[in-house]
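Below is one structure; the comments refer to it alone.
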Amino acid sequence: MAAEFYIRFQDSNWYSENKNRIKAYIENLETFVKETNEVMAKGN
């Protein structure tokens, strides 16, 4: 089962200054799965 979350910050400057830290934290969560838009074509 999948879930999608949106995170909104009241202070956009704080977000801009910490974007890489936030990304690293989320990507290191046990339940994080990176979404890709790649389509695998079978039989080609």
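Following the order of the structure tokens, chains are lettered A, B, ..., residues in each are numbered from 1, and ligands are numbered from 1.
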Skip Val33 (chain A) itself and residues of its chain fewer than 4 positions away, then list as a PyMOL selection string all residues within 12 Å of it, counting only C-alpha atoms.
-> chain A and resi 1-4+26-29
To one decimal in Å, tell me the separation between CA of Phe9 (chain A) and CA of Ile22 (chain A).
->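 CA of Phe9 (chain A) sits 11.5 Å away from CA of Ile22 (chain A).
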